[in-house]
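Engineer: My questions will all concern the structure given below.
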Number of protein chains: 2
Amino acid sequence: MKITLAEGAGGVSTARLISEVFAKHFENPILAGMEDAALLPAESGRIALTTDSFVVTPLFFRGGDIGRLAVAGTVNDLLMRGATPRYLTAAFIIETGTDTDTLDRIACSMAATAREAGVLIVAGDTKVVEGSGQVFINTTGVGFVPDGVEVSASRAQAGDVVLLSGTLGDHHAALLSARMGIENQIESDAAPLTAMVQALLSAGIHLHAMRDVTRGGLGTVLAEIAEASSVQIELEEDALPMTPAVKSFCGLLGLSPLYMGNEGKLIALLPAEEAEPALEIVRSSPYGENATVIGTVTAGEGVTLRTALGGIRRIGPLVGEGLPRIC
Amino acid sequence: MKITLAEGAGGVSTARLISEVFAKHFENPILAGMEDAALLPAESGRIALTTDSFVVTPLFFRGGDIGRLAVAGTVNDLLMRGATPRYLTAAFIIETGTDTDTLDRIACSMAATAREAGVLIVAGDTKVVEGSGQVFINTTGVGFVPDGVEVSASRAQAGDVVLLSGTLGDHHAALLSARMGIENQIESDAAPLTAMVQALLSAGIHLHAMRDVTRGGLGTVLAEIAEASSVQIELEEDALPMTPAVKSFCGLLGLSPLYMGNEGKLIALLPAEEAEPALEIVRSSPYGENATVIGTVTAGEGVTLRTALGGIRRIGPLVGEGLPRIC
């Protein structure tokens, strides 16, 4: 069945769409109330809150889809502050002409990713706009930060190392391949990093700053941390991990992996003396097998890259377009 | 300046848009952190969480704009559960070609409405998609429900009255007028109802169920409450308040005020013996001067309307399209 404006009018058709597609997959007692607002039991610790809209095209791609992205992206943002992710809201803006089977596949993927990430989808909204089959999803996440946990982009320190949890560029290269009709085996890395971060926190690793490497890429994320923490970050080009497929894809198209987005990778800045145990924990976590230390933090400012040939290059945040609509 | 895909790429242009438009208007210490997630101090009571996307067209209309709507709509959803609204996230999906002056006006309106409603905008997101100047906004709200407060669509009881806080159809008629190019003085009623609901709660009125009368209109909202509470709701057609302008507008176009959306009106179902003090409180609150009792709750099921001529008509939820994109 194709979505029409009736499904967005707030009456019987909207209720049917919600119950037959979204509520079916997201089922839980809090959502089942179908009230104006969900009520959540209070938990100890500060509340972490984050929001993200997803407008990726195409909706389905090798290794993932907009639904997996919408859950993983928001869950990862909560994790980057040291929060335990607990609840998501999911709001859909659906263009007319979208097939309900498409929505069903997206909702199914969201539900599976939410289960993996340990969150419940407790509130939602559905709007319909004129168009031709595109779907936009906003997810907003709520988590709780245990007392004593302080992870912030402003807390990186000289003496820290920069740990990267895996290979760069996978999501971006997969999207670009799909968009350009290039046949290859590159898969998006879209994934929730709950298990990885919770293992680091449980082990007592002193995580100073974390960021997931998304839109804007590693260069932008590190430039923001260097500025917020007033430190210098020195990267080793040789240390930047990429799969052979992504490496040759970047080489062919002249793309810099420093500005390509992932959707299931993080950087963690933590004391050098904890680098070994932290690496071990991440490598034995889901999605962390290729983790490595890619640089160090020193006094100074900005981000520098020591190239494979021994030169030093300044790295700024992304300027210009990048590839739009990767998330 | 016109928005291009660069403003959505997550790099320097995105950061500039955020700081020069959104952060400027929404300024507060929590948002200023610009982290992956905002951290909020824990408060007592259960957490209320709600999400809503706004896709209204046109973006500006008599009596309001998409920004005021996006704040008021989500704040009102929190209030309908008896929550004290505290925080909002704001996520923008902006079509290319949108003028930054347009975004500035919207952000300014959101900031003013948030101040009026008593909430802080603490986290945000900006995406850009190809298009021609439309803006979509998602707001997600967090509030806290004091212990002992239990307001739910499932708690209406026989013996309750239905209080409506003001005239029906204003927002819907204003939007339809703008869309059809009809010149009149009808204004949208978009408004946050914080002061009204908090006055009712402070006075100890036993609010059983509340709903704001939005998409789907009074008929849909009451049908949902009747079903969730397993009661019958009897309305008096003569009691339904409308401004003369909206009444004649509906008459001319053959529209039923029962299915027209407002954005600053609520219904409250509460014990008949508290109707007088509740009415007095609402009438002396902002946006409540035309409040009135429109019906009663009895044992039975469904919603009935006693017409001006004395007949009884069954009222179901909205079937079909209504007017799309009123919010």
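Following the order of the structure tokens, first chain is A, next is B, and so on, with residues numbered from 1 inside each chain and ligands from 1 in the order they appear.
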For region 2-70 of chain A against region 169-182 of chain A, with a cut-off of 12 Å and counting only C-alpha atoms, what is the closest atom pair and its distance in Å to one decimal for every residue that makes the cut, ordered by chain and number, as JSON lines?
Structural biologist:
{"residue": "A:Val56", "atom": "CA", "partner": "A:Leu175", "partner_atom": "CA", "distance": 8.7}
{"residue": "A:Thr57", "atom": "CA", "partner": "A:Arg179", "partner_atom": "CA", "distance": 7.8}
{"residue": "A:Pro58", "atom": "CA", "partner": "A:Arg179", "partner_atom": "CA", "distance": 7.2}
{"residue": "A:Leu59", "atom": "CA", "partner": "A:Leu175", "partner_atom": "CA", "distance": 10.0}
{"residue": "A:Phe60", "atom": "CA", "partner": "A:Ala178", "partner_atom": "CA", "distance": 9.2}
{"residue": "A:Phe61", "atom": "CA", "partner": "A:Ala178", "partner_atom": "CA", "distance": 6.6}
{"residue": "A:Arg62", "atom": "CA", "partner": "A:Ala174", "partner_atom": "CA", "distance": 6.5}
{"residue": "A:Gly63", "atom": "CA", "partner": "A:Ala174", "partner_atom": "CA", "distance": 8.0}
{"residue": "A:Gly64", "atom": "CA", "partner": "A:His171", "partner_atom": "CA", "distance": 9.0}
{"residue": "A:Asp65", "atom": "CA", "partner": "A:Leu175", "partner_atom": "CA", "distance": 10.2}
{"residue": "A:Ile66", "atom": "CA", "partner": "A:Leu175", "partner_atom": "CA", "distance": 11.3}
{"residue": "A:Leu69", "atom": "CA", "partner": "A:His171", "partner_atom": "CA", "distance": 10.1}
Engineer: If we count only C-alpha atoms, what is near Ser248 (chain B) at a cut-off of 12 Å, once residues fewer than 3 positions away on the same chain are taken out, given as a PyMOL selection string?
Structural biologist: chain B and resi 169-170+173+184+186+242-245+251-257
Engineer: Could you please take those selected residues and save N, CA, C and O atoms as a compact mmCIF listing (two decimals), in the first residue's frame?
Structural biologist:
# COMPACT_ATOMS: atom_id res chain seq x y z
N GLY B 169 -11.12 25.45 16.31
CA GLY B 169 -10.90 25.61 14.87
C GLY B 169 -10.00 26.75 14.44
O GLY B 169 -9.69 26.86 13.24
N ASP B 170 -9.55 27.58 15.38
CA ASP B 170 -8.81 28.80 14.99
C ASP B 170 -7.57 28.49 14.15
O ASP B 170 -7.36 29.10 13.09
N ALA B 173 -8.49 26.99 10.69
CA ALA B 173 -9.10 27.98 9.79
C ALA B 173 -8.07 29.01 9.32
O ALA B 173 -8.10 29.45 8.16
N ASN B 184 -8.87 37.24 5.65
CA ASN B 184 -9.77 37.44 6.78
C ASN B 184 -8.94 37.74 8.01
O ASN B 184 -7.71 37.90 7.92
N ILE B 186 -8.86 35.79 10.80
CA ILE B 186 -8.74 34.62 11.67
C ILE B 186 -7.27 34.36 11.99
O ILE B 186 -6.44 34.32 11.09
N MET B 242 -16.99 28.90 19.37
CA MET B 242 -16.24 29.30 18.17
C MET B 242 -16.33 30.82 18.05
O MET B 242 -17.35 31.40 18.43
N THR B 243 -15.29 31.43 17.50
CA THR B 243 -15.40 32.85 17.22
C THR B 243 -16.39 33.01 16.06
O THR B 243 -16.54 32.10 15.23
N PRO B 244 -17.05 34.16 15.97
CA PRO B 244 -17.96 34.38 14.83
C PRO B 244 -17.24 34.21 13.49
O PRO B 244 -17.80 33.62 12.55
N ALA B 245 -15.99 34.66 13.41
CA ALA B 245 -15.26 34.57 12.13
C ALA B 245 -15.04 33.11 11.74
O ALA B 245 -15.22 32.73 10.58
N GLY B 251 -19.03 27.56 8.10
CA GLY B 251 -20.33 27.48 7.43
C GLY B 251 -20.17 27.60 5.92
O GLY B 251 -20.72 26.79 5.16
N LEU B 252 -19.40 28.59 5.50
CA LEU B 252 -19.18 28.82 4.07
C LEU B 252 -18.56 27.62 3.37
O LEU B 252 -18.94 27.25 2.27
N LEU B 253 -17.56 27.01 4.04
CA LEU B 253 -16.81 25.92 3.39
C LEU B 253 -17.36 24.54 3.74
O LEU B 253 -16.85 23.53 3.27
N GLY B 254 -18.38 24.50 4.57
CA GLY B 254 -18.96 23.20 4.94
C GLY B 254 -18.04 22.36 5.81
O GLY B 254 -18.03 21.14 5.72
N LEU B 255 -17.25 23.02 6.65
CA LEU B 255 -16.31 22.29 7.51
C LEU B 255 -16.93 22.03 8.88
O LEU B 255 -17.66 22.87 9.40
N SER B 256 -16.61 20.89 9.47
CA SER B 256 -17.08 20.60 10.82
C SER B 256 -16.02 21.01 11.83
O SER B 256 -14.89 20.51 11.78
N PRO B 257 -16.38 21.87 12.76
CA PRO B 257 -15.41 22.29 13.78
C PRO B 257 -14.96 21.12 14.65
O PRO B 257 -13.95 21.22 15.33
Engineer: Using only C-alpha atoms, determine which residues lie at most 10 Å from Arg46 (chain B), disregarding the query and same-chain residues fewer than 6 positions distant; provide the list as a compact mmCIF listing (two decimals) with C-alpha atoms, in the first residue's frame.
Structural biologist:
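Generated output (selection_15.txt):
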# COMPACT_ATOMS: atom_id res chain seq x y z
CA ALA A 38 5.51 8.62 27.75
CA LEU A 39 6.25 8.39 31.47
CA LEU A 40 9.61 6.93 32.47
CA PRO A 41 10.67 5.90 35.95
CA ALA A 42 13.37 8.16 37.42
CA GLU A 43 16.86 6.65 37.60
CA ALA B 83 4.34 17.11 33.70
CA GLY B 143 9.43 17.20 31.78
CA PHE B 144 8.91 15.82 35.26
CA VAL B 145 5.65 14.55 36.74
CA PRO B 146 5.30 15.24 40.48
CA ASP B 147 4.53 12.24 42.68
CA VAL B 149 -0.11 13.39 39.76
Engineer: Just to confirm, what's the straight-line distance from CA of Asn262 (chain A) to CA of Ala23 (chain A) in Å (one decimal)?
Structural biologist: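 Taking CA of Asn262 (chain A) as the start and CA of Ala23 (chain A) as the end point, the length is 29.5 Å.
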Engineer: Measure the distance from CA of Phe54 (chain A) to CA of Ile106 (chain A) in Å and round it to one decimal.
Structural biologist: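 Computed distance, CA of Phe54 (chain A) to CA of Ile106 (chain A), equals 12.3 Å.
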Engineer: Which residues, written as JSON, numbers by chain, have at least one atom at most 12 Å from Lys24 (chain A), with only C-alpha atoms counted and residues fewer than 3 positions away on the same chain left out?
Structural biologist: {"A": [16, 17, 18, 19, 20, 21, 27, 28, 31, 32, 103, 104, 105, 107, 108, 110, 111, 121]}
Engineer: How about saving the chosen residues, all heavy atoms kept, as a CSV table (one decimal), in the first residue's frame?
Structural biologist:
chain,number,residue,atom,x,y,z
A,16,ARG,N,-4.1,3.6,12.1
A,16,ARG,CA,-3.9,2.3,11.6
A,16,ARG,C,-2.4,2.1,11.2
A,16,ARG,O,-1.8,1.1,11.4
A,16,ARG,CB,-4.8,2.0,10.3
A,16,ARG,CG,-4.8,0.6,9.9
A,16,ARG,CD,-5.6,0.4,8.6
A,16,ARG,NE,-6.9,0.9,8.7
A,16,ARG,CZ,-7.4,1.8,7.8
A,16,ARG,NH1,-6.7,2.1,6.7
A,16,ARG,NH2,-8.6,2.2,7.9
A,17,LEU,N,-1.8,3.1,10.5
A,17,LEU,CA,-0.4,3.0,10.2
A,17,LEU,C,0.5,2.8,11.4
A,17,LEU,O,1.4,2.0,11.4
A,17,LEU,CB,0.0,4.3,9.5
A,17,LEU,CG,1.5,4.5,9.1
A,17,LEU,CD1,2.0,3.4,8.1
A,17,LEU,CD2,1.9,5.9,8.7
A,18,ILE,N,0.2,3.6,12.5
A,18,ILE,CA,1.0,3.4,13.7
A,18,ILE,C,0.9,2.0,14.3
A,18,ILE,O,1.9,1.4,14.6
A,18,ILE,CB,0.6,4.5,14.7
A,18,ILE,CG1,1.0,5.9,14.2
A,18,ILE,CG2,1.2,4.2,16.1
A,18,ILE,CD1,0.4,7.1,15.0
A,19,SER,N,-0.4,1.5,14.4
A,19,SER,CA,-0.5,0.2,15.0
A,19,SER,C,0.0,-0.9,14.2
A,19,SER,O,0.6,-1.8,14.7
A,19,SER,CB,-2.0,0.0,15.5
A,19,SER,OG,-2.8,-0.2,14.3
A,20,GLU,N,-0.2,-0.8,12.8
A,20,GLU,CA,0.1,-2.0,12.0
A,20,GLU,C,1.6,-2.0,11.6
A,20,GLU,O,2.1,-3.0,11.2
A,20,GLU,CB,-0.8,-2.0,10.7
A,20,GLU,CG,-2.2,-2.3,11.1
A,20,GLU,CD,-3.1,-2.3,9.9
A,20,GLU,OE1,-2.7,-2.2,8.8
A,20,GLU,OE2,-4.4,-2.5,10.1
A,21,VAL,N,2.3,-0.9,11.7
A,21,VAL,CA,3.7,-0.9,11.3
A,21,VAL,C,4.6,-0.6,12.5
A,21,VAL,O,5.4,-1.4,12.9
A,21,VAL,CB,4.0,0.2,10.2
A,21,VAL,CG1,5.5,0.2,9.9
A,21,VAL,CG2,3.2,-0.2,8.9
A,27,GLU,N,7.0,-2.7,20.0
A,27,GLU,CA,6.1,-3.1,21.1
A,27,GLU,C,6.8,-3.1,22.5
A,27,GLU,O,7.8,-3.8,22.7
A,27,GLU,CB,5.6,-4.5,20.9
A,27,GLU,CG,4.5,-4.9,21.8
A,27,GLU,CD,4.0,-6.3,21.6
A,27,GLU,OE1,4.7,-7.1,20.9
A,27,GLU,OE2,3.0,-6.7,22.3
A,28,ASN,N,6.3,-2.3,23.4
A,28,ASN,CA,6.7,-2.4,24.8
A,28,ASN,C,5.7,-1.7,25.7
A,28,ASN,O,4.9,-0.9,25.1
A,28,ASN,CB,8.1,-1.7,25.0
A,28,ASN,CG,8.2,-0.3,24.7
A,28,ASN,OD1,7.6,0.5,25.4
A,28,ASN,ND2,8.8,0.1,23.6
A,31,LEU,N,5.3,2.3,25.4
A,31,LEU,CA,4.8,2.8,24.1
A,31,LEU,C,3.3,2.5,24.0
A,31,LEU,O,2.5,3.2,23.5
A,31,LEU,CB,5.6,2.2,23.0
A,31,LEU,CG,5.1,2.6,21.6
A,31,LEU,CD1,5.4,4.1,21.3
A,31,LEU,CD2,5.8,1.8,20.5
A,32,ALA,N,2.9,1.3,24.5
A,32,ALA,CA,1.6,0.8,24.4
A,32,ALA,C,0.5,1.8,24.9
A,32,ALA,O,-0.6,1.8,24.5
A,32,ALA,CB,1.4,-0.6,25.0
A,103,LEU,N,8.3,1.0,4.9
A,103,LEU,CA,8.2,1.4,6.3
A,103,LEU,C,8.3,0.2,7.3
A,103,LEU,O,9.0,0.3,8.3
A,103,LEU,CB,6.9,2.2,6.6
A,103,LEU,CG,6.7,3.5,5.8
A,103,LEU,CD1,5.4,4.1,6.1
A,103,LEU,CD2,7.8,4.5,6.2
A,104,ASP,N,7.7,-0.9,6.9
A,104,ASP,CA,7.8,-2.1,7.7
A,104,ASP,C,9.2,-2.6,7.8
A,104,ASP,O,9.7,-2.9,8.9
A,104,ASP,CB,6.9,-3.2,7.1
A,104,ASP,CG,6.7,-4.3,8.0
A,104,ASP,OD1,5.9,-4.2,9.0
A,104,ASP,OD2,7.4,-5.4,7.9
A,105,ARG,N,10.0,-2.6,6.7
A,105,ARG,CA,11.4,-3.0,6.8
A,105,ARG,C,12.2,-2.1,7.7
A,105,ARG,O,13.1,-2.5,8.4
A,105,ARG,CB,12.0,-3.0,5.4
A,105,ARG,CG,11.6,-4.2,4.5
A,105,ARG,CD,12.2,-4.1,3.1
A,105,ARG,NE,13.7,-4.1,3.1
A,105,ARG,CZ,14.4,-3.7,2.0
A,105,ARG,NH1,13.8,-3.2,0.9
A,105,ARG,NH2,15.7,-3.8,2.0
A,107,ALA,N,11.1,-0.1,10.2
A,107,ALA,CA,10.7,-0.3,11.6
A,107,ALA,C,11.3,-1.6,12.1
A,107,ALA,O,11.7,-1.6,13.3
A,107,ALA,CB,9.2,-0.3,11.7
A,108,CYS,N,11.3,-2.6,11.3
A,108,CYS,CA,11.8,-3.9,11.8
A,108,CYS,C,13.3,-3.8,12.1
A,108,CYS,O,13.8,-4.2,13.1
A,108,CYS,CB,11.6,-5.0,10.7
A,108,CYS,SG,12.2,-6.6,11.1
A,110,MET,N,14.9,-0.9,12.9
A,110,MET,CA,15.0,-0.1,14.1
A,110,MET,C,14.8,-0.9,15.3
A,110,MET,O,15.5,-0.8,16.3
A,110,MET,CB,14.0,1.0,14.0
A,110,MET,CG,14.3,2.1,13.0
A,110,MET,SD,13.0,3.4,13.0
A,110,MET,CE,13.6,4.4,14.4
A,111,ALA,N,13.8,-1.8,15.3
A,111,ALA,CA,13.5,-2.6,16.5
A,111,ALA,C,14.7,-3.5,16.8
A,111,ALA,O,15.1,-3.7,18.0
A,111,ALA,CB,12.2,-3.4,16.3
A,121,ILE,N,12.0,2.0,22.4
A,121,ILE,CA,11.4,3.1,21.7
A,121,ILE,C,10.1,3.4,22.3
A,121,ILE,O,9.1,2.6,22.2
A,121,ILE,CB,11.3,2.8,20.2
A,121,ILE,CG1,12.6,2.6,19.6
A,121,ILE,CG2,10.5,3.9,19.4
A,121,ILE,CD1,12.7,2.0,18.2
Engineer: Find the spatial neighbours of Ala37 (chain A), counting only C-alpha atoms, within a cut-off of 12 Å - ignore same-chain residues fewer than 4 positions away - and output them as a PDB file with C-alpha atoms, in the first residue's frame.
Structural biologist:
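Output saved as around.pdb:
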ATOM      1  CA  ILE A  30       5.469   2.245  27.835  1.00  0.00           C
ATOM      2  CA  LEU A  31       4.781   2.819  24.128  1.00  0.00           C
ATOM      3  CA  ALA A  32       1.562   0.808  24.350  1.00  0.00           C
ATOM      4  CA  GLY A  33      -0.015   3.599  26.423  1.00  0.00           C
ATOM      5  CA  THR A  89      11.663   8.570  20.607  1.00  0.00           C
ATOM      6  CA  VAL A 122       8.788   4.753  23.954  1.00  0.00           C
ATOM      7  CA  ALA A 123       7.208   7.594  21.961  1.00  0.00           C
ATOM      8  CA  GLY A 124       6.681   8.444  18.328  1.00  0.00           C
ATOM      9  CA  ASP A 125       5.136  10.696  15.730  1.00  0.00           C
TER      10      ASP A 125
ATOM     11  CA  ARG B  46       8.841  10.485  36.773  1.00  0.00           C
ATOM     12  CA  ILE B  47      10.293  11.698  33.472  1.00  0.00           C
ATOM     13  CA  ALA B  48       7.800  12.651  30.755  1.00  0.00           C
ATOM     14  CA  LEU B  49       9.064  12.306  27.171  1.00  0.00           C
ATOM     15  CA  THR B  50       7.315  13.264  23.938  1.00  0.00           C
ATOM     16  CA  THR B  51       8.263  13.925  20.332  1.00  0.00           C
ATOM     17  CA  ASP B  52       6.597  15.765  17.468  1.00  0.00           C
ATOM     18  CA  GLY B  73       2.953  21.629  20.467  1.00  0.00           C
ATOM     19  CA  THR B  74       5.559  19.618  22.303  1.00  0.00           C
ATOM     20  CA  VAL B  75       5.278  21.580  25.553  1.00  0.00           C
ATOM     21  CA  ASN B  76       1.514  21.015  25.489  1.00  0.00           C
ATOM     22  CA  ASP B  77       1.986  17.259  25.031  1.00  0.00           C
ATOM     23  CA  LEU B  78       4.100  17.172  28.210  1.00  0.00           C
ATOM     24  CA  LEU B  79       1.504  19.215  30.085  1.00  0.00           C
ATOM     25  CA  MET B  80      -1.277  16.800  29.100  1.00  0.00           C
ATOM     26  CA  ARG B  81       0.349  14.154  31.344  1.00  0.00           C
ATOM     27  CA  GLY B  82       0.621  16.568  34.271  1.00  0.00           C
ATOM     28  CA  ALA B  83       4.339  17.109  33.703  1.00  0.00           C
ATOM     29  CA  THR B  84       6.252  20.313  34.344  1.00  0.00           C
ATOM     30  CA  PRO B  85       7.959  20.984  30.968  1.00  0.00           C
ATOM     31  CA  THR B 140      11.306  16.433  21.673  1.00  0.00           C
ATOM     32  CA  GLY B 141      10.353  17.448  25.183  1.00  0.00           C
ATOM     33  CA  VAL B 142      11.393  16.362  28.648  1.00  0.00           C
ATOM     34  CA  GLY B 143       9.434  17.196  31.778  1.00  0.00           C
ATOM     35  CA  PHE B 144       8.906  15.820  35.258  1.00  0.00           C
ATOM     36  CA  VAL B 145       5.650  14.550  36.739  1.00  0.00           C
ATOM     37  CA  VAL B 151      -3.279  12.261  34.285  1.00  0.00           C
ATOM     38  CA  SER B 152      -3.988   9.795  31.498  1.00  0.00           C
ATOM     39  CA  ALA B 153      -6.347   9.311  28.577  1.00  0.00           C
ATOM     40  CA  MET B 210      -6.284  15.954  29.380  1.00  0.00           C
ATOM     41  CA  ARG B 211      -5.561  16.299  25.685  1.00  0.00           C
ATOM     42  CA  ASP B 212      -4.639  19.220  23.521  1.00  0.00           C
TER      43      ASP B 212
END
Engineer: What is the CA of Gly45 (chain B) to CA of Tyr87 (chain B) distance in Å?
Structural biologist: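 Going from CA of Gly45 (chain B) over to CA of Tyr87 (chain B) covers 14.9 Å.
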Engineer: Counting only C-alpha atoms, which of A:Val246, A:Val231, A:Ala9, A:Leu258 gets nearest to Gln157 (chain A)?
Structural biologist: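 Nearest to Gln157 (chain A): A:Val231.
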Engineer: Write down as JSON, numbers by chain the residues belonging to region 20-176 of chain B that are assigned strand (DSSP E or B) by DSSP computed on the backbone.
Structural biologist: {"B": [38, 39, 40, 46, 47, 48, 49, 50, 51, 52, 53, 54, 60, 61, 64, 65, 84, 85, 86, 87, 88, 89, 90, 91, 92, 93, 94, 95, 99, 120, 121, 122, 123, 124, 125, 126, 127, 128, 129, 135, 136, 137, 138, 139, 140, 141, 142, 143, 144, 145, 160, 161, 162, 163, 164]}
Engineer: Hey, what does DSSP flag as alpha helix (DSSP H) within region 92-198 of chain A? Can you give it to me as a ChimeraX atom specification?
Structural biologist: /A:100-117,170-180,194-198
Engineer: Write the selection just made, keeping N, CA, C and O atoms, as a short mmCIF file (atom, residue, chain, number, x, y, z; two decimals), in the first residue's frame?
Structural biologist:
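part32.cif, written as the output of this step:
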data_model
loop_
_atom_site.label_atom_id
_atom_site.label_comp_id
_atom_site.auth_asym_id
_atom_site.auth_seq_id
_atom_site.Cartn_x
_atom_site.Cartn_y
_atom_site.Cartn_z
N THR A 100 4.15 0.97 2.25
CA THR A 100 4.14 0.56 3.65
C THR A 100 5.12 -0.60 3.89
O THR A 100 5.64 -0.74 5.00
N ASP A 101 5.39 -1.41 2.86
CA ASP A 101 6.41 -2.46 3.03
C ASP A 101 7.77 -1.86 3.34
O ASP A 101 8.56 -2.43 4.11
N THR A 102 8.07 -0.73 2.72
CA THR A 102 9.33 -0.03 3.00
C THR A 102 9.38 0.40 4.46
O THR A 102 10.38 0.21 5.16
N LEU A 103 8.26 0.98 4.94
CA LEU A 103 8.21 1.41 6.34
C LEU A 103 8.33 0.22 7.28
O LEU A 103 8.97 0.30 8.33
N ASP A 104 7.72 -0.89 6.89
CA ASP A 104 7.79 -2.09 7.71
C ASP A 104 9.24 -2.58 7.83
O ASP A 104 9.70 -2.93 8.92
N ARG A 105 9.96 -2.58 6.73
CA ARG A 105 11.37 -3.01 6.77
C ARG A 105 12.19 -2.08 7.65
O ARG A 105 13.07 -2.52 8.41
N ILE A 106 11.93 -0.77 7.54
CA ILE A 106 12.68 0.21 8.34
C ILE A 106 12.38 0.02 9.83
O ILE A 106 13.28 0.00 10.67
N ALA A 107 11.08 -0.13 10.15
CA ALA A 107 10.69 -0.29 11.56
C ALA A 107 11.28 -1.57 12.13
O ALA A 107 11.74 -1.61 13.29
N CYS A 108 11.29 -2.63 11.34
CA CYS A 108 11.84 -3.91 11.78
C CYS A 108 13.33 -3.76 12.09
O CYS A 108 13.82 -4.25 13.11
N SER A 109 14.04 -3.05 11.22
CA SER A 109 15.47 -2.82 11.43
C SER A 109 15.72 -1.95 12.67
O SER A 109 16.64 -2.20 13.45
N MET A 110 14.87 -0.95 12.87
CA MET A 110 15.01 -0.10 14.07
C MET A 110 14.81 -0.92 15.33
O MET A 110 15.54 -0.76 16.32
N ALA A 111 13.79 -1.78 15.30
CA ALA A 111 13.49 -2.58 16.49
C ALA A 111 14.66 -3.51 16.82
O ALA A 111 15.05 -3.65 17.98
N ALA A 112 15.23 -4.13 15.79
CA ALA A 112 16.35 -5.06 16.02
C ALA A 112 17.56 -4.29 16.55
O ALA A 112 18.24 -4.75 17.48
N THR A 113 17.83 -3.12 15.99
CA THR A 113 18.99 -2.34 16.44
C THR A 113 18.77 -1.83 17.86
O THR A 113 19.70 -1.78 18.67
N ALA A 114 17.52 -1.45 18.17
CA ALA A 114 17.21 -0.99 19.53
C ALA A 114 17.44 -2.12 20.54
O ALA A 114 17.99 -1.90 21.62
N ARG A 115 17.02 -3.33 20.18
CA ARG A 115 17.26 -4.47 21.08
C ARG A 115 18.76 -4.66 21.30
O ARG A 115 19.22 -4.84 22.42
N GLU A 116 19.50 -4.61 20.21
CA GLU A 116 20.96 -4.79 20.32
C GLU A 116 21.57 -3.70 21.20
O GLU A 116 22.49 -3.95 21.98
N ALA A 117 21.06 -2.47 21.06
CA ALA A 117 21.63 -1.33 21.77
C ALA A 117 21.14 -1.21 23.20
O ALA A 117 21.67 -0.42 23.98
N ASP A 170 34.13 3.47 6.12
CA ASP A 170 33.28 2.39 5.58
C ASP A 170 31.88 2.88 5.20
O ASP A 170 31.39 2.60 4.10
N HIS A 171 31.21 3.56 6.12
CA HIS A 171 29.84 3.99 5.84
C HIS A 171 29.80 4.95 4.65
O HIS A 171 28.98 4.80 3.74
N HIS A 172 30.68 5.90 4.67
CA HIS A 172 30.73 6.91 3.61
C HIS A 172 31.00 6.26 2.24
O HIS A 172 30.32 6.56 1.26
N ALA A 173 31.94 5.35 2.21
CA ALA A 173 32.29 4.69 0.93
C ALA A 173 31.14 3.80 0.45
O ALA A 173 30.87 3.72 -0.75
N ALA A 174 30.44 3.17 1.40
CA ALA A 174 29.30 2.32 1.01
C ALA A 174 28.18 3.17 0.41
O ALA A 174 27.58 2.82 -0.60
N LEU A 175 27.93 4.33 1.04
CA LEU A 175 26.88 5.23 0.55
C LEU A 175 27.23 5.79 -0.82
O LEU A 175 26.40 5.87 -1.72
N LEU A 176 28.49 6.21 -0.94
CA LEU A 176 28.93 6.80 -2.20
C LEU A 176 28.87 5.75 -3.32
O LEU A 176 28.44 6.05 -4.44
N SER A 177 29.23 4.53 -2.99
CA SER A 177 29.15 3.45 -3.98
C SER A 177 27.71 3.24 -4.43
O SER A 177 27.43 3.12 -5.63
N ALA A 178 26.79 3.21 -3.46
CA ALA A 178 25.37 3.02 -3.80
C ALA A 178 24.86 4.18 -4.65
O ALA A 178 24.15 3.98 -5.63
N ARG A 179 25.25 5.40 -4.28
CA ARG A 179 24.77 6.59 -4.97
C ARG A 179 25.29 6.62 -6.41
O ARG A 179 24.60 7.07 -7.32
N MET A 180 26.55 6.17 -6.61
CA MET A 180 27.17 6.25 -7.93
C MET A 180 26.98 4.98 -8.74
O MET A 180 27.45 4.88 -9.87
N THR A 194 27.11 0.27 22.26
CA THR A 194 26.79 0.13 23.68
C THR A 194 27.74 -0.83 24.39
O THR A 194 28.32 -0.48 25.43
N ALA A 195 27.91 -2.02 23.86
CA ALA A 195 28.71 -3.04 24.55
C ALA A 195 30.15 -2.56 24.70
O ALA A 195 30.77 -2.73 25.76
N MET A 196 30.69 -1.92 23.65
CA MET A 196 32.08 -1.46 23.69
C MET A 196 32.29 -0.41 24.78
O MET A 196 33.21 -0.51 25.60
N VAL A 197 31.42 0.59 24.80
CA VAL A 197 31.61 1.69 25.76
C VAL A 197 31.34 1.22 27.18
O VAL A 197 32.05 1.58 28.12
N GLN A 198 30.34 0.38 27.33
CA GLN A 198 30.04 -0.08 28.69
C GLN A 198 31.15 -0.97 29.23
O GLN A 198 31.45 -0.94 30.43
#
Engineer: Hey, which of A:Glu237, A:Asp160, A:Glu224, A:Glu321 ends up closest to Ala275 (chain A)? Count only C-alpha atoms.
Structural biologist: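 Among the listed residues, A:Asp160 lies closest to Ala275 (chain A).
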Engineer: Compile the contact shell of Gly166 (chain A) as a PyMOL selection string: residues with an atom at most 10 Å away, counting only C-alpha atoms, same-chain residues fewer than 4 positions apart removed.
Structural biologist: chain A and resi 170+189+240-243+262+264-267+282-283+287-293
